[in-house]
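*Asks:* TSV, C-alpha atoms, saved as start-v8.tsv, coming up:
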```
chain	number	residue	atom	x	y	z
A	1	MET	CA	122.85	22.33	77.10
A	2	SER	CA	126.49	23.23	77.58
A	3	LEU	CA	128.57	26.09	78.99
A	4	LEU	CA	132.01	27.32	77.99
A	5	ILE	CA	133.58	29.64	80.55
A	6	THR	CA	137.01	31.32	80.43
A	7	ARG	CA	138.82	32.04	83.69
A	8	PRO	CA	142.25	33.60	83.17
A	9	TYR	CA	144.29	34.12	86.31
A	10	TYR	CA	147.23	36.52	86.22
A	11	ASP	CA	146.37	39.75	88.10
A	12	PRO	CA	144.10	40.83	90.99
A	13	VAL	CA	141.00	41.38	88.86
A	14	THR	CA	141.25	38.01	87.07
A	15	HIS	CA	142.02	36.43	90.45
A	16	TYR	CA	138.70	37.78	91.80
A	17	PHE	CA	136.76	36.80	88.66
A	18	PHE	CA	138.36	33.33	88.75
A	19	ASN	CA	137.22	32.66	92.31
A	20	TRP	CA	133.81	34.28	92.07
A	21	SER	CA	133.00	32.30	88.89
A	22	GLU	CA	133.03	29.12	91.01
A	23	GLU	CA	129.46	29.97	92.03
A	24	ILE	CA	128.36	29.95	88.37
A	25	ILE	CA	130.23	26.69	87.73
A	26	LYS	CA	128.62	24.98	90.72
A	27	GLU	CA	125.20	26.09	89.54
A	28	ALA	CA	125.93	24.84	86.00
A	29	GLU	CA	126.90	21.47	87.46
A	30	ARG	CA	123.81	21.43	89.66
A	31	VAL	CA	121.45	21.97	86.73
A	32	GLY	CA	123.33	19.38	84.67
A	33	LEU	CA	125.05	21.52	82.03
A	34	LYS	CA	128.00	20.03	80.17
A	35	LEU	CA	130.88	22.23	81.28
A	36	PHE	CA	134.02	23.40	79.46
A	37	ASP	CA	136.02	25.36	82.03
A	38	LEU	CA	139.03	27.01	80.37
A	39	THR	CA	141.22	28.18	83.24
A	40	LYS	CA	144.61	29.91	83.37
A	41	GLU	CA	146.82	28.81	80.45
A	42	LYS	CA	143.83	27.11	78.82
A	43	ALA	CA	142.10	30.48	78.45
A	44	VAL	CA	143.87	31.32	75.18
A	45	LYS	CA	142.63	31.99	71.66
A	46	LYS	CA	143.64	28.64	70.17
A	47	LYS	CA	141.77	26.65	72.83
A	48	VAL	CA	138.71	28.91	72.85
A	49	GLU	CA	138.35	28.79	69.08
A	50	SER	CA	138.76	25.02	69.10
A	51	TYR	CA	136.12	24.49	71.82
A	52	LEU	CA	133.68	26.88	70.16
A	53	ALA	CA	134.01	25.11	66.82
A	54	LYS	CA	134.09	21.49	68.02
A	55	GLN	CA	131.93	21.50	71.16
A	56	ASN	CA	129.48	24.19	70.03
A	57	PRO	CA	128.40	25.30	73.56
A	58	ASP	CA	125.00	26.99	73.94
A	59	LEU	CA	126.27	29.49	76.46
A	60	VAL	CA	129.64	31.29	76.64
A	61	ILE	CA	130.90	33.35	79.57
A	62	PHE	CA	134.14	35.29	79.27
A	63	ASN	CA	135.95	36.72	82.32
A	64	GLY	CA	138.94	38.98	81.81
A	65	HIS	CA	140.03	42.28	80.40
A	66	GLY	CA	138.67	43.89	77.30
A	67	ASP	CA	138.13	47.04	75.33
A	68	ASP	CA	135.62	48.27	72.74
A	69	PHE	CA	136.81	45.73	70.19
A	70	CYS	CA	138.12	42.61	71.95
A	71	ILE	CA	138.05	40.30	74.96
A	72	THR	CA	141.27	38.79	76.25
A	73	GLY	CA	142.24	35.67	78.18
A	74	GLN	CA	145.38	34.51	79.96
A	75	ASP	CA	148.15	37.11	79.83
A	76	ASN	CA	146.02	39.38	77.61
A	77	ASP	CA	145.82	36.87	74.76
A	78	ILE	CA	143.06	38.17	72.46
A	79	LEU	CA	140.28	35.57	72.36
A	80	ILE	CA	137.56	37.23	70.30
A	81	SER	CA	137.88	40.48	68.36
A	82	ALA	CA	135.52	42.49	66.19
A	83	ASN	CA	135.64	41.78	62.44
A	84	ASN	CA	137.80	38.73	63.10
A	85	ASN	CA	136.26	35.68	64.78
A	86	GLU	CA	132.98	36.86	66.39
A	87	SER	CA	131.03	34.58	64.04
A	88	LEU	CA	132.17	31.66	66.25
A	89	LEU	CA	129.59	32.90	68.76
A	90	LYS	CA	126.66	32.43	66.37
A	91	ASP	CA	123.55	30.88	67.98
A	92	LYS	CA	124.97	31.28	71.50
A	93	TYR	CA	124.16	33.37	74.53
A	94	VAL	CA	127.25	35.39	75.41
A	95	TYR	CA	128.17	37.21	78.61
A	96	ILE	CA	131.44	39.16	78.80
A	97	ARG	CA	132.55	40.31	82.26
A	98	ALA	CA	135.22	42.80	81.19
A	99	CYS	CA	135.57	46.49	80.35
A	100	SER	CA	133.88	48.14	77.37
A	101	CYS	CA	133.14	45.07	75.19
A	102	GLY	CA	129.49	46.13	75.06
A	103	LYS	CA	130.35	49.21	73.05
A	104	VAL	CA	131.39	47.66	69.72
A	105	LEU	CA	132.25	43.96	70.10
A	106	GLY	CA	128.89	43.09	71.67
A	107	ILE	CA	127.01	44.63	68.72
A	108	LYS	CA	129.25	42.75	66.28
A	109	ILE	CA	128.64	39.49	68.18
A	110	ARG	CA	124.88	40.01	68.07
A	111	ASN	CA	124.99	40.96	64.38
A	112	ALA	CA	127.01	37.79	63.71
A	113	GLY	CA	124.04	35.75	64.89
A	114	ALA	CA	124.47	35.30	68.66
A	115	LYS	CA	121.14	34.65	70.42
A	116	GLY	CA	121.94	37.37	72.95
A	117	PHE	CA	124.78	39.40	74.41
A	118	ILE	CA	125.37	40.98	77.81
A	119	GLY	CA	128.40	43.12	78.63
A	120	TYR	CA	129.52	46.59	79.67
A	121	LYS	CA	129.70	49.68	77.47
A	122	LYS	CA	132.32	51.33	79.71
A	123	SER	CA	134.86	50.20	82.34
A	124	PHE	CA	133.87	47.43	84.74
A	125	ILE	CA	134.91	48.91	88.08
A	126	LEU	CA	135.86	46.76	91.07
A	127	LEU	CA	136.54	48.14	94.52
A	128	ARG	CA	138.26	45.77	96.92
A	129	LYS	CA	140.14	45.55	100.18
A	130	ILE	CA	143.94	45.44	99.96
A	131	GLU	CA	144.22	42.74	102.60
A	132	SER	CA	141.57	40.47	101.02
A	133	LEU	CA	143.55	39.43	97.95
A	134	ARG	CA	144.13	35.96	99.42
A	135	ARG	CA	140.48	35.60	100.41
A	136	PRO	CA	138.51	37.19	97.55
A	137	LEU	CA	135.25	35.46	98.50
A	138	GLU	CA	135.37	37.10	101.93
A	139	ASP	CA	136.00	40.62	100.63
A	140	GLU	CA	132.96	42.61	101.80
A	141	VAL	CA	133.86	45.60	99.60
A	142	ALA	CA	134.13	43.54	96.38
A	143	LYS	CA	131.19	41.25	97.18
A	144	PRO	CA	128.32	43.42	95.81
A	145	PHE	CA	130.16	44.02	92.49
A	146	LEU	CA	130.64	40.29	91.96
A	147	GLU	CA	127.29	39.11	93.30
A	148	CYS	CA	125.43	41.47	90.97
A	149	SER	CA	127.49	40.54	87.90
A	150	ASN	CA	127.38	36.82	88.79
A	151	LYS	CA	123.60	37.09	88.61
A	152	VAL	CA	123.87	37.30	84.80
A	153	GLY	CA	125.78	34.01	84.60
A	154	LEU	CA	123.56	32.29	87.17
A	155	ALA	CA	120.38	33.26	85.33
A	156	LEU	CA	121.80	32.13	81.99
A	157	VAL	CA	122.82	28.69	83.29
A	158	ARG	CA	119.31	28.31	84.71
A	159	GLY	CA	117.94	28.71	81.19
A	160	CYS	CA	116.97	32.37	81.12
A	161	SER	CA	117.23	34.42	77.91
A	162	ALA	CA	119.81	37.22	77.69
A	163	LYS	CA	117.11	39.81	78.37
A	164	GLU	CA	115.85	37.92	81.43
A	165	ALA	CA	119.40	37.44	82.75
A	166	HIS	CA	120.18	41.12	82.25
A	167	GLU	CA	116.99	42.14	84.04
A	168	ALA	CA	117.66	39.73	86.92
A	169	SER	CA	121.10	41.28	87.36
A	170	ILE	CA	119.76	44.85	87.23
A	171	LYS	CA	117.16	43.90	89.85
A	172	LYS	CA	119.96	42.55	92.06
A	173	TYR	CA	121.95	45.79	91.59
A	174	LYS	CA	118.93	47.88	92.59
A	175	GLU	CA	118.29	45.75	95.68
A	176	LYS	CA	121.94	46.00	96.74
A	177	ILE	CA	122.06	49.75	96.12
A	178	ASN	CA	118.80	50.42	97.99
A	179	ASN	CA	119.77	48.20	100.93
A	180	LEU	CA	123.22	49.72	101.21
A	181	PHE	CA	121.87	53.27	100.89
A	182	VAL	CA	119.63	52.96	103.95
A	183	SER	CA	122.10	50.89	105.96
A	184	ASN	CA	124.71	51.78	108.56
A	185	SER	CA	127.29	49.87	106.55
A	186	PRO	CA	130.83	51.30	106.47
A	187	TYR	CA	130.89	50.45	102.75
A	188	THR	CA	128.42	52.99	101.35
A	189	PHE	CA	131.33	54.64	99.52
A	190	ILE	CA	131.02	51.89	96.87
A	191	LEU	CA	127.56	53.12	95.81
A	192	PRO	CA	128.65	55.41	92.91
A	193	TYR	CA	130.79	52.63	91.43
A	194	LEU	CA	128.18	49.91	91.85
A	195	ARG	CA	125.64	52.19	90.20
A	196	ALA	CA	128.07	52.89	87.33
A	197	ASN	CA	128.48	49.15	86.62
A	198	MET	CA	124.70	48.75	86.66
A	199	ASN	CA	124.19	51.65	84.25
A	200	ASN	CA	126.97	50.43	81.95
A	201	GLN	CA	125.60	46.89	81.66
A	202	VAL	CA	124.01	46.41	78.24
A	203	CYS	CA	122.00	43.66	76.61
A	204	TYR	CA	121.53	43.17	72.86
B	1	MET	CA	136.12	97.12	67.50
B	2	ILE	CA	134.18	97.77	70.73
B	3	ASN	CA	132.01	94.70	70.08
B	4	LYS	CA	135.12	92.58	69.54
B	5	LYS	CA	136.60	93.79	72.85
B	6	MET	CA	133.34	93.12	74.69
B	7	GLY	CA	133.13	89.66	73.12
B	8	GLY	CA	136.68	88.94	74.27
B	9	LYS	CA	135.88	89.98	77.85
B	10	LYS	CA	132.76	87.80	77.84
B	11	GLU	CA	134.75	84.83	76.56
B	12	GLN	CA	137.38	85.37	79.27
B	13	LYS	CA	134.67	85.57	81.94
B	14	ASN	CA	133.01	82.37	80.67
B	15	LYS	CA	136.39	80.62	80.69
B	16	GLU	CA	137.07	81.74	84.27
B	17	GLU	CA	133.63	80.61	85.40
B	18	LYS	CA	134.09	77.23	83.70
B	19	GLU	CA	137.49	76.74	85.38
B	20	LYS	CA	136.03	77.74	88.76
B	21	HIS	CA	133.16	75.29	88.30
B	22	GLU	CA	135.53	72.47	87.30
B	23	LYS	CA	137.71	73.14	90.33
B	24	GLU	CA	134.65	73.00	92.61
B	25	ILE	CA	133.73	69.63	91.10
B	26	ARG	CA	137.28	68.31	91.55
B	27	ASP	CA	137.30	69.52	95.17
B	28	LEU	CA	133.96	67.83	95.83
B	29	VAL	CA	135.16	64.51	94.38
B	30	VAL	CA	138.43	64.72	96.33
B	31	ALA	CA	136.45	65.39	99.53
B	32	ARG	CA	134.37	62.27	98.84
B	33	LEU	CA	137.47	60.18	98.09
B	34	ARG	CA	139.03	61.29	101.39
B	35	THR	CA	136.12	59.61	103.23
B	36	MET	CA	137.01	56.22	101.71
B	37	PRO	CA	139.09	53.80	103.83
B	38	SER	CA	142.78	53.88	102.91
B	39	ASP	CA	142.87	50.07	102.67
B	40	THR	CA	140.61	50.17	99.60
B	41	LEU	CA	141.81	49.62	96.04
B	42	LEU	CA	139.96	50.59	92.90
B	43	SER	CA	140.49	48.37	89.86
B	44	ILE	CA	139.50	49.68	86.46
B	45	GLY	CA	139.84	46.69	84.17
B	46	GLY	CA	143.31	46.26	82.76
B	47	LYS	CA	144.32	49.81	83.65
B	48	GLY	CA	145.45	48.63	87.07
B	49	ASP	CA	144.74	48.91	90.79
B	50	PHE	CA	144.82	52.28	92.48
B	51	LYS	CA	145.02	53.35	96.11
B	52	ILE	CA	142.78	56.18	97.29
B	53	LYS	CA	145.77	58.51	97.51
B	54	GLU	CA	146.62	57.78	93.88
B	55	LEU	CA	142.99	58.38	92.85
B	56	ILE	CA	143.08	61.77	94.54
B	57	ASP	CA	146.20	62.65	92.53
B	58	PHE	CA	144.50	61.57	89.31
B	59	VAL	CA	141.41	63.65	90.09
B	60	GLU	CA	143.46	66.73	90.96
B	61	LYS	CA	145.38	66.44	87.67
B	62	GLU	CA	142.13	65.65	85.79
B	63	ASP	CA	143.96	65.10	82.50
B	64	ASP	CA	144.16	61.36	83.12
B	65	GLU	CA	141.53	58.82	82.03
B	66	ILE	CA	141.37	57.32	85.54
B	67	GLY	CA	140.70	60.74	87.08
B	68	LYS	CA	138.01	61.49	84.52
B	69	THR	CA	136.31	58.12	85.18
B	70	VAL	CA	136.28	58.72	88.94
B	71	ILE	CA	134.94	62.29	88.54
B	72	GLU	CA	132.23	61.14	86.11
B	73	THR	CA	131.19	58.24	88.38
B	74	GLU	CA	130.99	60.33	91.56
B	75	ILE	CA	129.24	63.29	89.90
B	76	ASP	CA	126.74	61.07	88.06
B	77	TYR	CA	125.85	59.53	91.41
B	78	ILE	CA	125.32	62.91	93.09
B	79	ARG	CA	123.29	64.16	90.11
B	80	SER	CA	121.08	61.07	90.27
B	81	PHE	CA	119.48	62.52	93.40
B	82	THR	CA	118.39	65.68	91.61
B	83	ASP	CA	117.23	63.99	88.38
B	84	LEU	CA	114.80	61.60	90.00
B	85	PRO	CA	111.25	62.15	91.20
B	86	PHE	CA	110.94	62.22	94.99
B	87	GLU	CA	109.69	58.62	95.35
B	88	GLU	CA	112.67	57.27	93.39
B	89	GLN	CA	115.08	59.48	95.32
B	90	ARG	CA	113.89	57.73	98.46
B	91	GLU	CA	114.71	54.35	96.89
B	92	LEU	CA	118.16	55.23	95.58
```
Output the structure of this file as structure tokens.

*Replies:*
Amino acid sequence: MSLLITRPYYDPVTHYFFNWSEEIIKEAERVGLKLFDLTKEKAVKKKVESYLAKQNPDLVIFNGHGDDFCITGQDNDILISANNNESLLKDKYVYIRACSCGKVLGIKIRNAGAKGFIGYKKSFILLRKIESLRRPLEDEVAKPFLECSNKVGLALVRGCSAKEAHEASIKKYKEKINNLFVSNSPYTFILPYLRANMNNQVCY
Amino acid sequence: MINKKMGGKKEQKNKEEKEKHEKEIRDLVVARLRTMPSDTLLSIGGKGDFKIKELIDFVEKEDDEIGKTVIETEIDYIRSFTDLPFEEQREL
């Protein structure tokens, strides 16, 4: 089995996704997946299309910004867009950690023959601490958002189906929300936004 | 003629009540945002990073997509307590 992951790096959100995706990469290496890690300037349409066509990975994880119709890479380069090149994702499990791709693009990807799709039908919201930009893995405010979304990627690299990975992530969200709700944590203000990401996560 | 006048008054009253209700919601969301630490940023995808003070401005204006997202998120969360059966309310 093999994994293609895109990790653009050009603004705070992609900086957080870039660093937090290390956990998924380590797990992929641990379970012995062949890894194609397209970082920074490698996370562009030309490279992604080439890797999808030539290496034919079983699992594809996109990190970045998106909208209803497309997912972007480095410097907002459009990687996959609806009614254009979604057929490249045929026979693959696809997870898109970006805003709104679950609304239209995810359905198109599934209809084009992907084995499964997980994404978000509305904005992916991330709350974070101003002073933690240089240490994103230590940001206690951002941590629950990224741990819960990482769960999708971790489950997929361990061989779960899209449905199983989605359910594992939702379970993680519920645990985090319940634990935080009854805690004395100073970070309970994140609860509405964590819940929104959970409710907006879709699986086709 | 009388019916038309009465209908107009009713419409005006409904409009005023709707505006009052919307203002109450905005005030509630702003009050919740004011409890958030000022060193927090909210990122909404590619739309950017926003300080709490900026979010409060967006909510008060309400005509911005960011403000609408914040209002919807906060109000959905509050409503989740009334929609659920008691056992689930205890969990969430």

*Asks:* Just to confirm, what's the straight-line distance from atom CA of A:Val94 to atom CA of A:Leu194 in Å (one decimal)?

*Replies:* 22.0 Å

*Asks:* Could you pull the residues within 12 Å of A:Leu154, counting only C-alpha atoms, minus those fewer than 5 positions along the same chain, as a PyMOL selection string?

*Replies:* chain A and resi 3+20-31+59+61+95+146-149+159-162+164-166+168-169+172

*Asks:* Restricting the calculation to all atoms listed in the file: of A:Tyr193, A:Phe36, A:Phe145, A:Tyr204, which residue gets closest to chain B?

*Replies:*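 Nearest to chain B: A:Tyr193.
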
*Asks:* One decimal, in Å: what's the spacing between atom CA of B:Asp76 and atom CA of B:Ile56?

*Replies:*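 Spanning atom CA of B:Asp76 to atom CA of B:Ile56 is a straight-line distance of 17.6 Å.
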
*Asks:* Write out as an MDAnalysis selection string every residue belonging to chain B that has an atom at most 6 Å from any atom of chain A, counting only C-alpha atoms.

*Replies:* chainID B and resid 39:46 73:74 77 91:92

*Asks:* Give me the residues near stretch 57-65 of chain B as a list in words, where near means some atom within 10 Å (using all atoms listed in the file) and where sequence neighbours in that chain fewer than 5 positions away do not count.

*Replies:* Glu22, Lys23, Ile25, Arg26, Asp27, Val29, Val30, Leu33, Lys47, Phe50, Ile52, Val70 and Ile71 of chain B

*Asks:* Atom CA of A:Glu86 to atom CA of A:Ile170: how many Å, to one decimal?

*Replies:*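 Spanning atom CA of A:Glu86 to atom CA of A:Ile170 is a straight-line distance of 25.9 Å.
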
*Asks:* Pick out the closest residue to B:Leu28 from this set: B:Ser80, B:Glu16, B:Ile75, B:Lys51. Count only C-alpha atoms.

*Replies:*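 Smallest separation from B:Leu28 among the options: B:Ile75.
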
*Asks:* With 10 Å as the threshold, what does the neighbourhood of (149.2, 38.0, 78.3) contain in terms of residues, counting only C-alpha atoms? Coordinates are those of the file; answer as a list of chain:residue names.

*Replies:*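 Selection result: A:Pro8, A:Tyr10, A:Glu41, A:Val44, A:Thr72, A:Gly73, A:Gln74, A:Asp75, A:Asn76, A:Asp77, A:Ile78.
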
*Asks:* Tell me which protein, DNA and RNA residues are within 12 Å of A:Asn84, counting all atoms listed in the file, leaving out same-chain ones fewer than 3 positions away, and put them as a list in words.

*Replies:* Lys45, Glu49, Phe69, Cys70, Ile71, Ile78, Leu79, Ile80, Ser81, Ser87, Leu88, Leu89, Leu105, Lys108, Ile109 and Ala112 of chain A

*Asks:* Which neighbours of A:Val60 fall inside 10 Å, counting all atoms listed in the file, when residues of the same chain fewer than 4 positions from it are skipped, and could you give them as a PyMOL selection string?

*Replies:* chain A and resi 2-6+36+52+56+89+92-96+117+153+156-157
